[in-house]
Amino acid sequence: MQRERAIPEVSRVAHDLPRSVDSLCTAVHEDPWLRGLFEKVNRVMSVPLMLTFVSTVVFAIQLLIFAYLYSSHRVRFFRYLLLAWGAYTLSKGLKLVDVFVLHLSQPSLATDVTTVAAVGFTLAAAVAHRWDYRLRGRGLLVGAGAVTALALVNSFGEGDEGQRIVGLALGVVQMAAGVLFWPARGRSIGFRGERLLAGMLTLWGVHRIASQFVSMEPGSPSYMVVHAVFITLYFLSTFAVIIMVLERARSESDRLHARLREAERLATAGELAAGMAHEIRNPLAAIVNATALLTDEAGLTSDERATTLAAIRTEARRLNRILSDFLHFAKPQEAQRVTGDIRQVVEHVSGLIRDDRARASRVDVKVAVDPMVPRFAFDRDQLTQVLWNVALNGVEAMNGRGRLSMEVGRQNGGVVLAVSDTGSGISSERLPRVFEPFYSGKPNGSGLGLTIAERIVAAHGGRIEIDSELGRGTRVTLLFPLEAA
């Protein structure tokens, strides 16, 4: 029974539905408010306007990225590109204002002005990149006049002909900007991203010209293709600009670091010259005084003459040692690494110390080598020089009397060579300066021994550590990483 009653009810609703729809359409058509509401909904839901809205949001995000980069990379051409991208974003936003606020079917004069200005700023950026051009008062006036003229032709020209002329002109200008961004011949410095940006801007100009001869109904396949190509070129151009700016900043940073290193090198050279003059002055003064005494033959006995000649020879040897150390410091030899056994170097140097009766007659030399220390690559002559300098410093600190220990072991995957003495030690005030050139705690020292040793160890990928305490001796540790060695 219920089913029999429902069938006539459904039939009645189906019969009245067309008339209800007709009545609704008539009401919408006659009511201005409803008609305007439905027109706005149709405009909002249209594909072209949706694309324009999405493009505006994306362009605004990219503009924010540009603004962030410009805050730390203030390059002239990038400033003009920032203005160009800002004008592109503004033109997209103004198109939405034209439709939703001004209810215009064609872009307004303000929209045309921003679009033409964007292309103009792109050309200014290309000229600035090529010839370091700067927009000044006259250039701004000429540019503003050209932008206004093209915008007027586009807005008030006869039919589509005016828009086509403006589109062709903008395409040519954009292609010219692309050509100017291409790296110039003979330029020694180039930046990554230049060719990509030049290519994208040139293709963008070709796209502007080609789109003037394509029939584009909003929402049609041709419209979608043209818009998709435009978005792709815009994105790739943005990517190229970011690469260029970051690469330019990196190159500028490298140049600044090179200048800083050059300044440090010159400062070091000055310090070395002053140190050399100071170190050479004393031996030369002693030699001059000795030769003055030798000229007085009647006033010297044979023993005094022999003593004076011995002093001259001693000071001459001291001068030779200073100059030799300086040459080692100023022109270090490149390490010739050959896989070898560090035990042989330690045994060789310890033997030299034991045999040096003049300076180490009462020094007890102890050697301890861990048998697990592997063979590794090193320059035998250079490490012998380092170990000899360190060991000799220890012997002299003990005044030829005490215990000198040489230990070789493993630590943190590397090789450790430690030299300890029972000498007077180094004060905490002097310890930070022991590696400075020409700084020495010995009366006749050149002050370059530890400086050269530190440089040699660093060339092997290692480092030197010094622990010392007044009255309790000094421990010098040489650390060599096996993977670097």
# chains A, B, ... in the order shown; residues from 1 in each chain; ligands from 1

$ select_by_dssp --residues "range 312-364 of chain A" --states "helix (DSSP H, G or I)" --output "PyMOL selection string"
chain A and resi 312-330+342-355+357-360

$ residues_around --residues "range 312-317 of chain A" --least-positions-apart "5" --cutoff "8 Å" --atoms "only C-alpha atoms" --output "short mmCIF file (atom, residue, chain, number, x, y, z; two decimals) with C-alpha atoms, in the first residue's frame"
data_model
loop_
_atom_site.label_atom_id
_atom_site.label_comp_id
_atom_site.auth_asym_id
_atom_site.auth_seq_id
_atom_site.Cartn_x
_atom_site.Cartn_y
_atom_site.Cartn_z
CA PRO A 283 126.15 38.28 16.03
CA LEU A 284 127.20 41.01 13.64
CA ALA A 286 130.08 40.67 18.16
CA ILE A 287 131.97 40.03 14.91
CA ALA A 290 136.16 41.13 17.49
#

$ closest_residue --among "A:Arg192, A:Arg343, A:Leu170, A:Ser215" --to "Ile243 in chain A" --atoms "only C-alpha atoms"
A:Arg192

$ select_by_dssp --residues "range 338-459 of chain A" --states "strand (DSSP E or B)" --output "MDAnalysis selection string"
chainID A and resid 338:340 362:369 376:378 401:411 414:421

$ residues_around --residues "Phe77 in chain A" --least-positions-apart "6" --cutoff "9 Å" --atoms "only C-alpha atoms" --output "ChimeraX atom specification"
/A:122,124-130,132-134

$ atom_distance --atom1 "CA of Val363 in chain A" --atom2 "CA of Val434 in chain A"
23.5 Å

$ atom_distance --atom1 "CA of Glu469 in chain A" --atom2 "CA of Thr422 in chain A"
10.1 Å

$ residues_around --residues "range 59-74 of chain A" --least-positions-apart "2" --cutoff "8 Å" --atoms "only C-alpha atoms" --output "list in words"
Ser55, Thr56, Val57, Arg76, Phe78, Arg79, Leu82, Trp85, Gly86, Tyr88, Thr89, Thr238, Ile242, Val245 and Ala249 of chain A

$ atom_distance --atom1 "CA of Val365 in chain A" --atom2 "CA of Gly351 in chain A"
8.9 Å

$ residues_around --residues "range 110-116 of chain A" --least-positions-apart "2" --cutoff "10 Å" --atoms "only C-alpha atoms" --output "MDAnalysis selection string"
chainID A and resid 84 86:98 106:108 118:121 144 146:155 166:167 169:170

$ write_last_selection --atoms "N, CA and C atoms" --output "tab-separated table (two decimals), in the first residue's frame"
chain	number	residue	atom	x	y	z
A	84	ALA	N	61.64	44.29	-10.94
A	84	ALA	CA	60.92	43.66	-12.05
A	84	ALA	C	59.97	42.59	-11.54
A	86	GLY	N	58.77	42.37	-8.58
A	86	GLY	CA	57.70	43.04	-7.83
A	86	GLY	C	56.63	43.59	-8.75
A	87	ALA	N	57.05	44.14	-9.90
A	87	ALA	CA	56.07	44.66	-10.87
A	87	ALA	C	55.24	43.53	-11.47
A	88	TYR	N	55.87	42.38	-11.76
A	88	TYR	CA	55.11	41.24	-12.26
A	88	TYR	C	54.06	40.79	-11.25
A	89	THR	N	54.46	40.72	-9.98
A	89	THR	CA	53.52	40.31	-8.93
A	89	THR	C	52.38	41.33	-8.80
A	90	LEU	N	52.72	42.62	-8.86
A	90	LEU	CA	51.70	43.66	-8.76
A	90	LEU	C	50.73	43.61	-9.93
A	91	SER	N	51.24	43.34	-11.13
A	91	SER	CA	50.36	43.28	-12.30
A	91	SER	C	49.38	42.13	-12.17
A	92	LYS	N	49.83	41.00	-11.62
A	92	LYS	CA	48.90	39.89	-11.41
A	92	LYS	C	47.83	40.26	-10.39
A	93	GLY	N	48.25	40.92	-9.31
A	93	GLY	CA	47.26	41.33	-8.31
A	93	GLY	C	46.28	42.34	-8.86
A	94	LEU	N	46.75	43.27	-9.71
A	94	LEU	CA	45.86	44.27	-10.29
A	94	LEU	C	44.85	43.64	-11.25
A	95	LYS	N	45.23	42.55	-11.90
A	95	LYS	CA	44.26	41.86	-12.77
A	95	LYS	C	43.08	41.34	-11.96
A	96	LEU	N	43.37	40.83	-10.76
A	96	LEU	CA	42.27	40.38	-9.90
A	96	LEU	C	41.41	41.56	-9.46
A	97	VAL	N	42.05	42.70	-9.17
A	97	VAL	CA	41.28	43.89	-8.79
A	97	VAL	C	40.41	44.36	-9.96
A	98	ASP	N	40.95	44.28	-11.18
A	98	ASP	CA	40.17	44.69	-12.35
A	98	ASP	C	38.89	43.89	-12.48
A	106	GLN	N	38.80	43.94	-19.61
A	106	GLN	CA	40.15	44.12	-20.12
A	106	GLN	C	41.03	44.72	-19.02
A	107	PRO	N	42.35	44.47	-19.05
A	107	PRO	CA	43.24	45.04	-18.02
A	107	PRO	C	43.17	46.57	-18.02
A	108	SER	N	43.24	47.14	-16.84
A	108	SER	CA	43.20	48.59	-16.70
A	108	SER	C	44.55	49.19	-17.09
A	118	ALA	N	57.66	46.05	-15.60
A	118	ALA	CA	58.39	44.84	-15.24
A	118	ALA	C	59.41	44.48	-16.31
A	119	VAL	N	59.00	44.56	-17.57
A	119	VAL	CA	59.93	44.27	-18.67
A	119	VAL	C	61.04	45.32	-18.72
A	120	GLY	N	60.69	46.59	-18.46
A	120	GLY	CA	61.70	47.64	-18.46
A	120	GLY	C	62.74	47.44	-17.38
A	121	PHE	N	62.32	47.07	-16.18
A	121	PHE	CA	63.27	46.81	-15.11
A	121	PHE	C	64.15	45.60	-15.43
A	144	ALA	N	60.15	55.95	-17.81
A	144	ALA	CA	58.75	56.17	-17.42
A	144	ALA	C	57.92	56.63	-18.61
A	146	ALA	N	58.49	55.89	-21.83
A	146	ALA	CA	58.29	54.75	-22.72
A	146	ALA	C	57.26	53.78	-22.15
A	147	VAL	N	57.31	53.56	-20.85
A	147	VAL	CA	56.34	52.66	-20.21
A	147	VAL	C	54.93	53.21	-20.35
A	148	THR	N	54.77	54.49	-20.08
A	148	THR	CA	53.44	55.10	-20.17
A	148	THR	C	52.91	55.06	-21.59
A	149	ALA	N	53.78	55.35	-22.58
A	149	ALA	CA	53.34	55.34	-23.98
A	149	ALA	C	52.89	53.96	-24.40
A	150	LEU	N	53.67	52.93	-24.06
A	150	LEU	CA	53.27	51.57	-24.44
A	150	LEU	C	51.99	51.15	-23.72
A	151	ALA	N	51.86	51.55	-22.45
A	151	ALA	CA	50.63	51.19	-21.72
A	151	ALA	C	49.41	51.89	-22.34
A	152	LEU	N	49.55	53.13	-22.77
A	152	LEU	CA	48.44	53.83	-23.41
A	152	LEU	C	48.07	53.18	-24.73
A	153	VAL	N	49.07	52.78	-25.51
A	153	VAL	CA	48.79	52.10	-26.78
A	153	VAL	C	48.07	50.79	-26.51
A	154	ASN	N	48.49	50.08	-25.49
A	154	ASN	CA	47.87	48.79	-25.18
A	154	ASN	C	46.44	48.95	-24.69
A	155	SER	N	46.19	50.02	-23.92
A	155	SER	CA	44.86	50.20	-23.34
A	155	SER	C	43.87	50.86	-24.29
A	166	VAL	N	52.24	46.23	-28.79
A	166	VAL	CA	52.88	46.30	-27.47
A	166	VAL	C	53.48	44.94	-27.10
A	167	GLY	N	52.75	43.86	-27.36
A	167	GLY	CA	53.26	42.52	-27.06
A	167	GLY	C	54.53	42.21	-27.82
A	169	ALA	N	56.66	44.45	-29.00
A	169	ALA	CA	57.74	45.30	-28.48
A	169	ALA	C	58.30	44.75	-27.17
A	170	LEU	N	57.40	44.32	-26.28
A	170	LEU	CA	57.87	43.75	-25.01
A	170	LEU	C	58.66	42.47	-25.24

$ closest_residue --among "A:Arg318, A:His227, A:Arg463, A:His207" --to "Val54 in chain A" --atoms "only C-alpha atoms"
A:His227

$ closest_residue --among "A:Thr202, A:Gln336, A:Ser220, A:Ser105" --to "Ala176 in chain A" --atoms "only C-alpha atoms"
A:Thr202

$ closest_residue --among "A:Ile322, A:Met224, A:Ala368, A:Ala335" --to "Ala459 in chain A" --atoms "only C-alpha atoms"
A:Ala335

$ residues_around --residues "Ala397 in chain A" --least-positions-apart "3" --cutoff "8 Å" --atoms "only C-alpha atoms" --output "ChimeraX atom specification"
/A:393-394,400,421,423-425
